[in-house]
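upload-v1.cif follows (mmCIF, C-alpha atoms):
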```cif
data_upload
#
loop_
_atom_site.label_atom_id
_atom_site.label_comp_id
_atom_site.auth_asym_id
_atom_site.auth_seq_id
_atom_site.Cartn_x
_atom_site.Cartn_y
_atom_site.Cartn_z
CA MET A 1 -0.42 -66.49 -85.37
CA ALA A 2 2.73 -68.25 -84.16
CA GLN A 3 4.88 -65.34 -85.37
CA THR A 4 2.67 -62.92 -83.50
CA LEU A 5 3.05 -64.91 -80.27
CA GLU A 6 6.84 -65.11 -80.70
CA ALA A 7 6.99 -61.37 -81.30
CA ALA A 8 4.94 -60.75 -78.19
CA GLU A 9 7.26 -62.96 -76.11
CA ASP A 10 10.37 -61.24 -77.48
CA ALA A 11 8.98 -57.76 -76.71
CA PRO A 12 10.43 -56.15 -73.56
CA ARG A 13 8.20 -56.48 -70.55
CA THR A 14 7.35 -53.19 -68.91
CA ARG A 15 7.04 -53.12 -65.13
CA PRO A 16 4.27 -51.06 -63.60
CA GLU A 17 5.51 -47.88 -62.08
CA PRO A 18 5.39 -47.84 -58.24
CA PRO A 19 2.84 -45.49 -56.73
CA ALA A 20 4.03 -42.10 -55.72
CA PRO A 21 4.81 -41.81 -52.00
CA PRO A 22 2.12 -40.05 -50.04
CA ASP A 23 2.65 -36.52 -49.03
CA PRO A 24 4.14 -36.15 -45.56
CA PRO A 25 1.52 -35.31 -42.97
CA ARG A 26 1.33 -31.71 -42.13
CA ARG A 27 2.10 -30.83 -38.58
CA ARG A 28 -0.77 -29.28 -36.79
CA ARG A 29 -0.04 -26.04 -35.16
CA SER A 30 -0.25 -26.34 -31.40
CA ARG A 31 -2.87 -24.03 -30.10
CA PRO A 32 -2.35 -22.69 -26.59
CA ALA A 33 -6.06 -22.28 -25.88
CA PRO A 34 -6.70 -25.86 -24.58
CA TYR A 35 -3.67 -25.66 -22.30
CA LEU A 36 -4.77 -22.29 -20.98
CA LEU A 37 -8.21 -23.71 -20.20
CA ILE A 38 -6.86 -26.60 -18.10
CA ALA A 39 -4.10 -24.53 -16.49
CA PRO A 40 -6.25 -23.37 -13.53
CA ALA A 41 -7.34 -26.94 -12.77
CA LEU A 42 -3.72 -28.16 -12.95
CA ALA A 43 -2.61 -25.34 -10.66
CA ILE A 44 -5.28 -26.23 -8.10
CA LEU A 45 -4.39 -29.95 -8.24
CA THR A 46 -0.72 -29.10 -7.81
CA ALA A 47 -1.45 -26.93 -4.79
CA VAL A 48 -3.88 -29.38 -3.20
CA LEU A 49 -2.21 -32.71 -3.98
CA LEU A 50 1.39 -32.44 -5.12
CA TRP A 51 2.57 -29.76 -2.69
CA PRO A 52 1.48 -31.64 0.47
CA ILE A 53 3.13 -34.80 -0.85
CA ALA A 54 6.36 -32.91 -1.53
CA GLN A 55 6.21 -31.35 1.93
CA MET A 56 5.65 -34.78 3.47
CA VAL A 57 8.71 -36.21 1.70
CA TRP A 58 10.78 -33.18 2.75
CA ASN A 59 9.76 -33.61 6.38
CA SER A 60 10.65 -37.31 6.29
CA LEU A 61 14.23 -36.44 5.32
CA HIS A 62 14.74 -33.98 8.20
CA SER A 63 14.81 -34.06 11.98
CA TYR A 64 11.65 -32.07 12.57
CA THR A 65 10.15 -31.70 16.05
CA THR A 66 8.24 -29.10 18.05
CA ARG A 67 11.39 -27.10 18.88
CA HIS A 68 11.73 -26.30 15.19
CA LEU A 69 8.28 -24.66 15.27
CA LEU A 70 9.31 -21.99 17.78
CA PRO A 71 9.67 -18.43 16.44
CA ASN A 72 13.41 -18.37 17.13
CA GLY A 73 13.90 -22.12 16.83
CA PRO A 74 16.56 -23.74 14.65
CA ASP A 75 15.92 -24.94 11.15
CA PRO A 76 15.18 -28.67 10.68
CA GLU A 77 18.36 -30.69 10.27
CA TRP A 78 18.88 -32.87 7.22
CA ASN A 79 19.30 -36.51 8.25
CA GLY A 80 19.00 -38.28 4.90
CA PHE A 81 17.27 -41.63 5.15
CA GLU A 82 17.77 -42.11 8.89
CA HIS A 83 14.03 -42.25 9.58
CA TYR A 84 13.51 -44.88 6.91
CA THR A 85 16.45 -46.94 8.15
CA ARG A 86 15.13 -46.91 11.71
CA LEU A 87 11.63 -47.65 10.53
CA LEU A 88 12.52 -50.62 8.33
CA GLY A 89 14.77 -52.04 11.04
CA ASP A 90 12.09 -51.82 13.74
CA PRO A 91 10.24 -55.13 14.35
CA GLU A 92 7.29 -53.17 15.72
CA PHE A 93 6.79 -51.48 12.35
CA TRP A 94 6.60 -54.83 10.57
CA LEU A 95 4.04 -56.06 13.11
CA ILE A 96 1.91 -52.97 12.50
CA LEU A 97 2.31 -53.33 8.74
CA ARG A 98 1.20 -56.98 8.94
CA ASN A 99 -1.84 -55.99 10.99
CA THR A 100 -2.69 -53.27 8.48
CA VAL A 101 -2.45 -55.57 5.46
CA VAL A 102 -4.41 -58.41 7.08
CA VAL A 103 -7.18 -56.15 8.38
CA CYS A 104 -7.39 -54.30 5.05
CA VAL A 105 -7.65 -57.56 3.08
CA LEU A 106 -10.46 -58.81 5.34
CA MET A 107 -12.32 -55.50 5.14
CA VAL A 108 -12.07 -55.32 1.35
CA ALA A 109 -12.96 -58.97 0.77
CA ILE A 110 -16.01 -58.98 3.06
CA THR A 111 -17.21 -55.61 1.75
CA MET A 112 -16.89 -56.59 -1.91
CA VAL A 113 -18.56 -59.99 -1.47
CA LEU A 114 -21.40 -58.69 0.71
CA GLY A 115 -21.97 -55.65 -1.48
CA THR A 116 -22.08 -57.79 -4.63
CA LEU A 117 -24.54 -60.23 -3.08
CA VAL A 118 -26.81 -57.44 -1.85
CA GLY A 119 -26.63 -55.65 -5.20
CA THR A 120 -27.59 -58.84 -7.01
CA LEU A 121 -30.47 -59.38 -4.59
CA LEU A 122 -31.73 -55.84 -5.13
CA HIS A 123 -31.65 -56.42 -8.88
CA ARG A 124 -34.08 -59.32 -8.47
CA LEU A 125 -36.48 -57.45 -6.16
CA PRO A 126 -39.35 -55.28 -7.42
CA ARG A 127 -38.20 -51.80 -8.36
CA TRP A 128 -40.12 -49.98 -5.63
CA PHE A 129 -38.91 -52.32 -2.90
CA ALA A 130 -35.31 -52.27 -4.18
CA GLY A 131 -35.38 -48.47 -4.10
CA PHE A 132 -36.70 -48.48 -0.53
CA VAL A 133 -33.96 -50.88 0.63
CA ALA A 134 -31.27 -48.95 -1.25
CA VAL A 135 -32.26 -45.68 0.45
CA GLY A 136 -32.12 -47.39 3.84
CA MET A 137 -28.65 -48.77 3.11
CA MET A 138 -27.35 -45.44 1.92
CA LEU A 139 -28.28 -43.95 5.28
CA ALA A 140 -25.69 -46.25 6.83
CA TRP A 141 -23.14 -45.22 4.20
CA ALA A 142 -23.86 -41.53 4.80
CA THR A 143 -23.55 -41.83 8.60
CA PRO A 144 -20.47 -39.92 9.83
CA ALA A 145 -17.61 -42.16 10.88
CA ILE A 146 -17.56 -40.66 14.39
CA SER A 147 -21.25 -41.36 14.97
CA ALA A 148 -21.05 -44.92 13.65
CA SER A 149 -17.97 -45.66 15.77
CA LEU A 150 -19.59 -44.32 18.94
CA VAL A 151 -22.73 -46.41 18.34
CA PHE A 152 -20.72 -49.59 17.86
CA ARG A 153 -18.58 -48.82 20.91
CA TRP A 154 -21.76 -48.53 23.00
CA LEU A 155 -23.02 -51.81 21.53
CA PHE A 156 -19.87 -53.68 22.60
CA LEU A 157 -19.25 -52.06 25.98
CA PRO A 158 -18.62 -54.46 28.90
CA GLU A 159 -21.53 -55.15 31.28
CA ARG A 160 -24.06 -52.79 29.66
CA GLY A 161 -23.39 -53.21 25.94
CA LEU A 162 -26.24 -54.75 23.94
CA VAL A 163 -23.98 -57.38 22.36
CA ASN A 164 -22.49 -58.48 25.69
CA VAL A 165 -25.91 -58.63 27.36
CA ALA A 166 -27.39 -60.66 24.47
CA LEU A 167 -24.46 -63.11 24.42
CA ASP A 168 -24.56 -63.47 28.21
CA ARG A 169 -28.24 -64.45 28.11
CA LEU A 170 -27.71 -67.16 25.51
CA PRO A 171 -27.11 -70.74 26.72
CA ASP A 172 -23.54 -71.35 27.88
CA ALA A 173 -23.40 -74.52 25.81
CA LEU A 174 -23.91 -72.41 22.68
CA VAL A 175 -21.66 -69.37 23.17
CA GLY A 176 -19.84 -69.98 26.44
CA SER A 177 -19.94 -67.87 29.60
CA GLY A 178 -18.46 -64.66 30.95
CA TRP A 179 -19.64 -62.37 28.16
CA SER A 180 -21.03 -59.73 30.50
CA ASP A 181 -17.56 -58.53 31.60
CA TYR A 182 -15.78 -59.24 28.32
CA ASN A 183 -13.85 -56.25 26.93
CA TRP A 184 -13.76 -56.27 23.13
CA PHE A 185 -11.28 -53.40 22.89
CA LEU A 186 -8.18 -54.80 24.60
CA GLU A 187 -6.99 -57.67 22.42
CA PRO A 188 -6.17 -57.35 18.71
CA LEU A 189 -8.49 -60.14 17.53
CA SER A 190 -11.62 -58.84 19.26
CA LEU A 191 -10.88 -55.17 18.53
CA PHE A 192 -10.20 -55.83 14.85
CA THR A 193 -13.42 -57.87 14.69
CA VAL A 194 -15.44 -54.89 15.87
CA LEU A 195 -13.47 -52.57 13.59
CA ILE A 196 -14.10 -54.74 10.53
CA THR A 197 -17.79 -54.90 11.44
CA VAL A 198 -18.03 -51.09 11.56
CA ILE A 199 -16.18 -50.60 8.27
CA VAL A 200 -18.17 -53.27 6.42
CA TRP A 201 -21.47 -51.91 7.78
CA GLN A 202 -20.63 -48.47 6.42
CA SER A 203 -18.98 -49.55 3.16
CA PHE A 204 -21.06 -52.32 1.61
CA PRO A 205 -24.07 -50.08 0.69
CA PHE A 206 -21.91 -48.13 -1.76
CA ILE A 207 -20.73 -51.37 -3.39
CA ALA A 208 -24.28 -52.75 -3.51
CA VAL A 209 -25.77 -49.66 -5.15
CA SER A 210 -22.88 -49.48 -7.65
CA VAL A 211 -23.30 -53.15 -8.58
CA LEU A 212 -27.06 -52.62 -8.88
CA ALA A 213 -26.48 -49.76 -11.32
CA GLY A 214 -24.09 -51.93 -13.32
CA LEU A 215 -26.56 -54.82 -13.47
CA LYS A 216 -29.21 -52.49 -14.88
CA SER A 217 -26.94 -51.87 -17.87
CA ILE A 218 -26.61 -55.57 -18.82
CA PRO A 219 -29.19 -56.71 -21.43
CA SER A 220 -31.66 -59.21 -19.97
CA GLU A 221 -31.48 -61.25 -23.18
CA LEU A 222 -28.06 -62.54 -22.14
CA TYR A 223 -29.45 -64.04 -18.94
CA GLU A 224 -32.43 -65.49 -20.79
CA ALA A 225 -30.11 -67.18 -23.28
CA ALA A 226 -28.00 -68.51 -20.41
CA ARG A 227 -31.08 -69.97 -18.72
CA VAL A 228 -32.12 -71.62 -21.98
CA ASP A 229 -28.67 -73.23 -22.18
CA GLY A 230 -29.12 -74.57 -18.64
CA ALA A 231 -26.80 -72.16 -16.80
CA GLY A 232 -27.51 -71.60 -13.13
CA ALA A 233 -27.09 -68.46 -11.06
CA TRP A 234 -23.39 -69.01 -10.37
CA ARG A 235 -22.60 -69.86 -13.99
CA SER A 236 -24.48 -66.78 -15.20
CA PHE A 237 -22.53 -64.59 -12.78
CA VAL A 238 -19.16 -66.02 -13.87
CA SER A 239 -19.89 -65.99 -17.60
CA ILE A 240 -22.00 -62.82 -17.94
CA THR A 241 -22.11 -60.55 -14.90
CA PHE A 242 -18.46 -60.57 -13.92
CA PRO A 243 -17.03 -60.10 -17.45
CA MET A 244 -19.50 -57.32 -18.22
CA LEU A 245 -18.85 -55.52 -14.91
CA ARG A 246 -15.11 -56.19 -14.70
CA PRO A 247 -14.12 -52.50 -15.03
CA LEU A 248 -16.66 -51.56 -12.36
CA PHE A 249 -15.40 -54.24 -9.97
CA ALA A 250 -11.80 -53.11 -10.53
CA LEU A 251 -12.68 -49.49 -9.78
CA LEU A 252 -14.63 -50.41 -6.65
CA LEU A 253 -11.79 -52.66 -5.49
CA ILE A 254 -9.20 -49.90 -5.87
CA LEU A 255 -11.38 -47.37 -4.07
CA GLN A 256 -12.10 -49.78 -1.24
CA ILE A 257 -8.42 -50.62 -0.77
CA VAL A 258 -7.48 -46.93 -0.62
CA TRP A 259 -10.28 -46.16 1.84
CA ASP A 260 -9.61 -49.12 4.13
CA LEU A 261 -5.87 -48.54 4.29
CA ARG A 262 -6.55 -45.05 5.65
CA VAL A 263 -8.95 -46.09 8.41
CA PHE A 264 -8.23 -43.95 11.46
CA THR A 265 -11.34 -42.42 13.04
CA GLN A 266 -13.07 -45.72 13.74
CA LEU A 267 -9.98 -47.28 15.30
CA TYR A 268 -9.26 -44.17 17.38
CA ILE A 269 -12.76 -44.12 18.88
CA LEU A 270 -13.13 -47.86 19.38
CA ALA A 271 -9.79 -48.37 21.12
CA ASN A 272 -10.19 -45.19 23.22
CA SER A 273 -6.75 -45.73 24.71
CA PHE A 274 -3.77 -47.08 22.78
CA GLN A 275 -1.71 -48.63 25.54
CA ASN A 276 -1.37 -51.88 23.58
CA ARG A 277 0.71 -51.31 20.45
CA SER A 278 -0.35 -54.66 19.04
CA VAL A 279 -3.65 -53.05 17.97
CA TYR A 280 -1.96 -50.27 15.98
CA LEU A 281 -2.54 -49.78 12.28
CA LEU A 282 -0.36 -47.65 10.01
CA SER A 283 -2.86 -44.81 10.05
CA TYR A 284 -2.72 -44.53 13.83
CA TYR A 285 1.03 -45.19 13.93
CA ILE A 286 1.46 -42.01 11.85
CA TYR A 287 -0.60 -40.06 14.39
CA GLN A 288 1.19 -41.58 17.35
CA GLN A 289 4.68 -40.76 16.04
CA GLY A 290 3.86 -37.38 14.54
CA PHE A 291 1.56 -35.89 17.19
CA SER A 292 1.02 -38.09 20.24
CA ALA A 293 4.64 -38.97 21.03
CA SER A 294 6.67 -37.02 23.61
CA PRO A 295 8.06 -35.03 21.91
CA PRO A 296 6.23 -35.35 18.59
CA ASN A 297 8.50 -36.51 15.78
CA TYR A 298 7.13 -35.00 12.59
CA GLY A 299 9.95 -36.48 10.53
CA MET A 300 9.22 -40.06 11.60
CA GLY A 301 5.48 -39.56 11.18
CA SER A 302 6.08 -38.24 7.67
CA ALA A 303 8.32 -41.22 6.86
CA ILE A 304 5.55 -43.64 7.88
CA ALA A 305 3.09 -41.62 5.80
CA VAL A 306 5.42 -41.87 2.79
CA VAL A 307 5.61 -45.65 3.19
CA MET A 308 1.82 -45.84 3.41
CA THR A 309 1.44 -43.63 0.32
CA VAL A 310 3.84 -45.81 -1.65
CA LEU A 311 1.88 -48.89 -0.59
CA VAL A 312 -1.40 -47.35 -1.78
CA LEU A 313 0.13 -46.21 -5.07
CA ALA A 314 1.68 -49.63 -5.68
CA VAL A 315 -1.65 -51.42 -5.24
CA THR A 316 -3.49 -48.87 -7.38
CA THR A 317 -0.89 -48.97 -10.16
CA TYR A 318 -0.94 -52.77 -10.25
CA TYR A 319 -4.69 -53.01 -10.66
CA LEU A 320 -4.75 -50.21 -13.24
CA ARG A 321 -2.11 -52.03 -15.30
CA VAL A 322 -4.09 -55.26 -15.09
CA MET A 323 -7.23 -53.50 -16.26
CA ILE A 324 -5.45 -51.77 -19.15
CA ARG A 325 -4.00 -55.08 -20.33
CA GLN A 326 -7.37 -56.76 -20.14
CA GLU A 327 -8.96 -53.97 -22.17
CA GLU A 328 -6.21 -54.28 -24.81
CA THR A 329 -6.70 -58.04 -25.18
CA ARG A 330 -10.46 -57.82 -25.51
#
```

As C-alpha cells - that is how I would like this structure written.
Amino acid sequence: MAQTLEAAEDAPRTRPEPPAPPDPPRRRRSRPAPYLLIAPALAILTAVLLWPIAQMVWNSLHSYTTRHLLPNGPDPEWNGFEHYTRLLGDPEFWLILRNTVVVCVLMVAITMVLGTLVGTLLHRLPRWFAGFVAVGMMLAWATPAISASLVFRWLFLPERGLVNVALDRLPDALVGSGWSDYNWFLEPLSLFTVLITVIVWQSFPFIAVSVLAGLKSIPSELYEAARVDGAGAWRSFVSITFPMLRPLFALLLILQIVWDLRVFTQLYILANSFQNRSVYLLSYYIYQQGFSASPPNYGMGSAIAVVMTVLVLAVTTYYLRVMIRQEETR
C-alpha cells in the first residue's frame, strides 16, 4: 500500500487542458430597411427643427436688417461675434436675464407644488367627483393664451377691474387704501405677479392630471404598509410617492421650464405697452430687437434667441443627466 502511494506521488501530475476559446461573434449584416423606414421622419425633423436653428445661428453672425430684405438690397455682412459681444456687455441684458430666471423659477415652483397638491387631492376624492374636477381644470389648461391673458387684464384693470374694486371695498386696516386707481401693469413686481398668476392658472391642471395618473399606478398596498408602520401623509409622500414618480416629476419639471422660459403672449397682452424695459423678459426682448426696433435688427434678435436656446438646452441636459444617473444607480 505504501509503495502504491509513493508511486502515485512520483507520477507526473497532468494539468487540465484550458477550454477552447469561444468562436468570435459573427458580425450581423447591416440591413438598410430600418434606416430607410426612419429616413422620412429624420428628414422632416431636420427641416422643421434643425434648419431653423441653423438659420438663427447664421443670422446672429451677420448684420441683418430690413434693407437686406429689399429685392436689390445688399447681402448681409458677416460681423463675427459682434452681436454676442455687445449683448454680453450690456447691463440691460443682464437685468432682463435676471428677471427671466427669477420669474421662471417662481412660475415653475408654484406650478409644480400646486399641481402636485391638487393631483394628490384628486387621488383621494371619489372617482366620479375627481373626474368632474379634472375636466373643469383641463378647461383652464385648454383656454387659449390670448383669451386667458385678456380676461386677467380685465380683472386687474384700474378703477373698473374686479380685483381693484374688491380690494378697494375691503377695510383699509386689512389691505390698505387707494386700490381703485392702482395700475398693476406699470411696475415689475405687480406686473410679474399678475403674469405668474396667469401662467400658474393655466399650467397647474396639466401637472395635477399627470400626477393623478401616476398615483393610480402605485400599488395601494405600499401606502397601507406605511400606515401600519405609523407613517403620516408627508412621510408616505417622501418615501413612496416621490421615489415612485421621480421620472414623471423630472419630465414635468423639464417641460414646465421650457414652456415658462418661452412665455411671450401673456406678457405682451398684459403689459400692453412696453415703455418700461424693467418689465422685459428674454422672450419679449427677442421680439423688441428683431421686429419692434427702429430699424429691426434681425441679427441681434437672433443672437438673443441663440442665448435663450442655449439656456433651455443647458437646463434640459442637466436634468436628463441627473435622471440617467439615478436610473443607473437604482

> Expanded to explicit residues, what is the PyMOL selection byres ((chain A and resi 188) around 9) for this file, as a list of chain:residue names?
Replying inline: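 Output from the PyMOL selection byres ((chain A and resi 188) around 9), applied to this file: A:Asn99, A:Trp184, A:Phe185, A:Leu186, A:Glu187, A:Leu189, A:Ser190, A:Leu191, A:Phe192, A:Thr193, A:Asn276, A:Ser278, A:Val279, A:Tyr280.
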
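The space separating CA of Thr317 (chain A) from CA of His83 (chain A) comes to 25.6 Å.
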
> Mind pulling up the distance from CA of Leu248 (chain A) to CA of Thr46 (chain A)?
Replying inline: 27.9 Å

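The coordinates place CA of Pro205 (chain A) at 28.8 Å from CA of Tyr285 (chain A).
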
>> Report as a list of chain:residue names all protein, DNA and RNA residues lying within 9 Å of Ile257 (chain A), evaluated on all atoms listed in the file, omitting residues in the same chain fewer than 3 positions from it.
In response: A:Cys104, A:Val105, A:Met107, A:Val108, A:Leu252, A:Leu253, A:Ile254, A:Asp260, A:Leu261, A:Arg262, A:Val312, A:Val315, A:Thr316

>> If the PyMOL selection byres ((chain A and resi 215) around 10) were run on this exact file, what residues would it hold? Put them as an MDAnalysis selection string.
In response: chainID A and resid 119:120 122:123 209:214 216:220 241:242 244:245

>> So, with all atoms listed in the file as the atoms that count, which of A:Ile324, A:Val228, A:Val200, A:Ala233 lies closest to Arg246 (chain A)?
In response: A:Ile324
